[in-house]
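Working notes, structure below.
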Amino acid sequence: MTTAVTLAATAPVEYETLDELYNELSKRVLKIFDEGASECTDDFIIETIGLIASCSDMVRKEALFSTNEGLEDIATGYLKYLYLEYFLGKMHLQRKDFSVRKSHVMDSMFCLNSFLDVCRDLNLLDETEQKFLDANEVSKYMY
């Protein structure tokens, strides 16, 4: 499956595989994390968000995960895709358009909550973390 992703001011870039797309977005995420968002333009961050969203769409279309699977059922090569919602949440917090800052924070919270739900569903949280999330009802802060 080929996926075309249009980056700002460039022609669409085609990724032959999910791995190619993931490798490109992970390079961008690392650049933002390593150099700091202040060194990256908002367009670069927006493009990265688009790549993450495209990658997430491909993961869903290829049905790499199932709600009835446990961690031991997921192929080792697919584990990296569990972080997509986390990366997406972190990227929303890096946005520079402060006129809609609350929207960016809410988008980030939604993504990070989705990531925590996956962790909970796969029993990746220890008892203390699970109790903390349950006690604080993280999801009540969502939309």
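Each chain in the structure tokens gets a letter, A, B and so on, in the order shown; residues start at 1 in every chain, and ligands are counted from 1 in the order they appear.
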
| query | Quick one: residues within 10 Å of region 19-28 of chain A, only C-alpha atoms counted, chain neighbours fewer than 2 positions away excluded, as a ChimeraX atom specification? | reply | /A:2-5,13-17,30-34,40,44-45,47-56,58,77-78,80-81,84,87

Write the residues of the selection above to a file with C-alpha atoms, as a short mmCIF file (atom, residue, chain, number, x, y, z; two decimals), in the first residue's frame.
data_model
loop_
_atom_site.label_atom_id
_atom_site.label_comp_id
_atom_site.auth_asym_id
_atom_site.auth_seq_id
_atom_site.Cartn_x
_atom_site.Cartn_y
_atom_site.Cartn_z
CA THR A 2 1.48 3.33 -1.09
CA THR A 3 0.57 6.40 0.91
CA ALA A 4 1.08 9.90 -0.42
CA VAL A 5 1.64 12.61 2.18
CA VAL A 13 5.98 12.30 -0.81
CA GLU A 14 5.09 8.65 -1.35
CA TYR A 15 5.90 6.02 1.21
CA GLU A 16 5.84 2.46 -0.08
CA THR A 17 5.58 0.87 3.34
CA LEU A 30 13.60 12.99 17.36
CA LYS A 31 14.70 16.25 15.71
CA ILE A 32 11.97 18.14 17.59
CA PHE A 33 12.79 16.40 20.88
CA ASP A 34 16.58 16.71 20.49
CA CYS A 40 11.75 23.94 14.39
CA PHE A 44 7.65 21.42 10.37
CA ILE A 45 5.68 20.45 13.48
CA GLU A 47 3.88 18.32 8.84
CA THR A 48 5.11 15.91 11.51
CA ILE A 49 1.62 15.75 13.01
CA GLY A 50 0.33 14.94 9.51
CA LEU A 51 2.85 12.12 9.13
CA ILE A 52 1.88 10.67 12.50
CA ALA A 53 -1.81 10.84 11.57
CA SER A 54 -1.09 9.14 8.22
CA CYS A 55 0.89 6.44 9.96
CA SER A 56 -1.92 5.89 12.46
CA MET A 58 -2.19 2.96 7.91
CA GLY A 77 8.04 -5.34 14.92
CA TYR A 78 4.69 -3.67 15.51
CA LYS A 80 6.79 0.75 17.96
CA TYR A 81 3.40 1.75 16.53
CA LEU A 84 1.96 6.95 17.76
CA PHE A 87 4.06 11.16 19.75
#

Write out as an mmCIF file with C-alpha atoms, in the first residue's frame each polymer residue whose atoms come within 10 Å of His104 (chain A), counting only C-alpha atoms; drop sequence neighbours fewer than 2 positions from it.
data_model
loop_
_atom_site.group_PDB
_atom_site.id
_atom_site.type_symbol
_atom_site.label_atom_id
_atom_site.label_comp_id
_atom_site.auth_asym_id
_atom_site.auth_seq_id
_atom_site.Cartn_x
_atom_site.Cartn_y
_atom_site.Cartn_z
ATOM 1 C CA GLY A 89 0.152 14.250 21.903
ATOM 2 C CA LYS A 90 3.700 15.522 22.378
ATOM 3 C CA MET A 91 3.675 17.214 18.959
ATOM 4 C CA HIS A 92 0.437 19.070 19.711
ATOM 5 C CA LEU A 93 2.170 20.585 22.757
ATOM 6 C CA GLN A 94 4.991 21.848 20.529
ATOM 7 C CA ARG A 95 2.709 23.974 18.338
ATOM 8 C CA LYS A 96 3.559 27.670 18.271
ATOM 9 C CA ASP A 97 0.189 29.204 17.433
ATOM 10 C CA PHE A 98 -0.662 30.593 20.854
ATOM 11 C CA SER A 99 -3.961 32.071 19.677
ATOM 12 C CA VAL A 100 -5.421 28.555 19.890
ATOM 13 C CA ARG A 101 -3.157 27.214 22.621
ATOM 14 C CA LYS A 102 -6.020 25.711 24.610
ATOM 15 C CA MET A 106 -6.808 19.678 24.655
ATOM 16 C CA ASP A 107 -5.716 17.778 21.522
ATOM 17 C CA SER A 108 -2.590 16.705 23.356
ATOM 18 C CA MET A 109 -4.550 15.554 26.397
ATOM 19 C CA PHE A 110 -6.887 13.531 24.180
#

| field | Nearest-residue call for Arg60 (chain A), choices A:Ile46, A:Leu18, A:Glu35, A:Leu133, using only C-alpha atoms | value |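 Under the stated criterion, the closest residue is A:Leu18.
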
| task | Per DSSP on the backbone, filter chain A down to the residues in strand (DSSP E or B) and report them as a PyMOL selection string. | result | chain A and resi 3-5+13-15

| field | Which of region 67-124 of chain A fall in helix (DSSP H, G or I), as number ranges by chain | value | A: 71-73, 76-94, 98-121

| task | Mind checking which residues fall within 9 Å of region 64-72 of chain A, counting only C-alpha atoms, ignoring those fewer than 6 positions away in the same chain, and posting them as number ranges by chain? | result | A: 78-79, 81, 121-124

Generate a file of the selected residues that holds N, CA and C atoms, formatted as a PDB file, in the first residue's frame.
ATOM      1  N   TYR A  78       5.805  -4.612  15.470  1.00  0.00           N
ATOM      2  CA  TYR A  78       4.693  -3.666  15.505  1.00  0.00           C
ATOM      3  C   TYR A  78       4.624  -2.859  16.801  1.00  0.00           C
ATOM      4  N   LEU A  79       5.383  -3.239  17.794  1.00  0.00           N
ATOM      5  CA  LEU A  79       5.301  -2.558  19.096  1.00  0.00           C
ATOM      6  C   LEU A  79       5.565  -1.057  18.992  1.00  0.00           C
ATOM      7  N   TYR A  81       4.577   0.998  16.931  1.00  0.00           N
ATOM      8  CA  TYR A  81       3.396   1.746  16.531  1.00  0.00           C
ATOM      9  C   TYR A  81       2.481   2.072  17.708  1.00  0.00           C
ATOM     10  N   ASP A 121      -5.125  -1.207  28.543  1.00  0.00           N
ATOM     11  CA  ASP A 121      -5.711  -2.380  27.883  1.00  0.00           C
ATOM     12  C   ASP A 121      -4.696  -3.513  27.721  1.00  0.00           C
ATOM     13  N   LEU A 122      -3.438  -3.156  27.541  1.00  0.00           N
ATOM     14  CA  LEU A 122      -2.390  -4.169  27.353  1.00  0.00           C
ATOM     15  C   LEU A 122      -1.713  -4.562  28.668  1.00  0.00           C
ATOM     16  N   ASN A 123      -2.257  -4.057  29.771  1.00  0.00           N
ATOM     17  CA  ASN A 123      -1.700  -4.349  31.101  1.00  0.00           C
ATOM     18  C   ASN A 123      -0.230  -3.947  31.227  1.00  0.00           C
ATOM     19  N   LEU A 124       0.090  -2.780  30.674  1.00  0.00           N
ATOM     20  CA  LEU A 124       1.461  -2.272  30.759  1.00  0.00           C
ATOM     21  C   LEU A 124       1.686  -1.422  32.010  1.00  0.00           C
TER      22      LEU A 124
END

| Atomic separation - CA of Leu116 (chain A) relative to CA of Glu85 (chain A), Å |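 It comes out at 9.1 Å.
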
| message | To one decimal place in Å, what is the distance between CA of Leu112 (chain A) and CA of Glu62 (chain A)? | response |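 Computed distance, CA of Leu112 (chain A) to CA of Glu62 (chain A), equals 22.4 Å.
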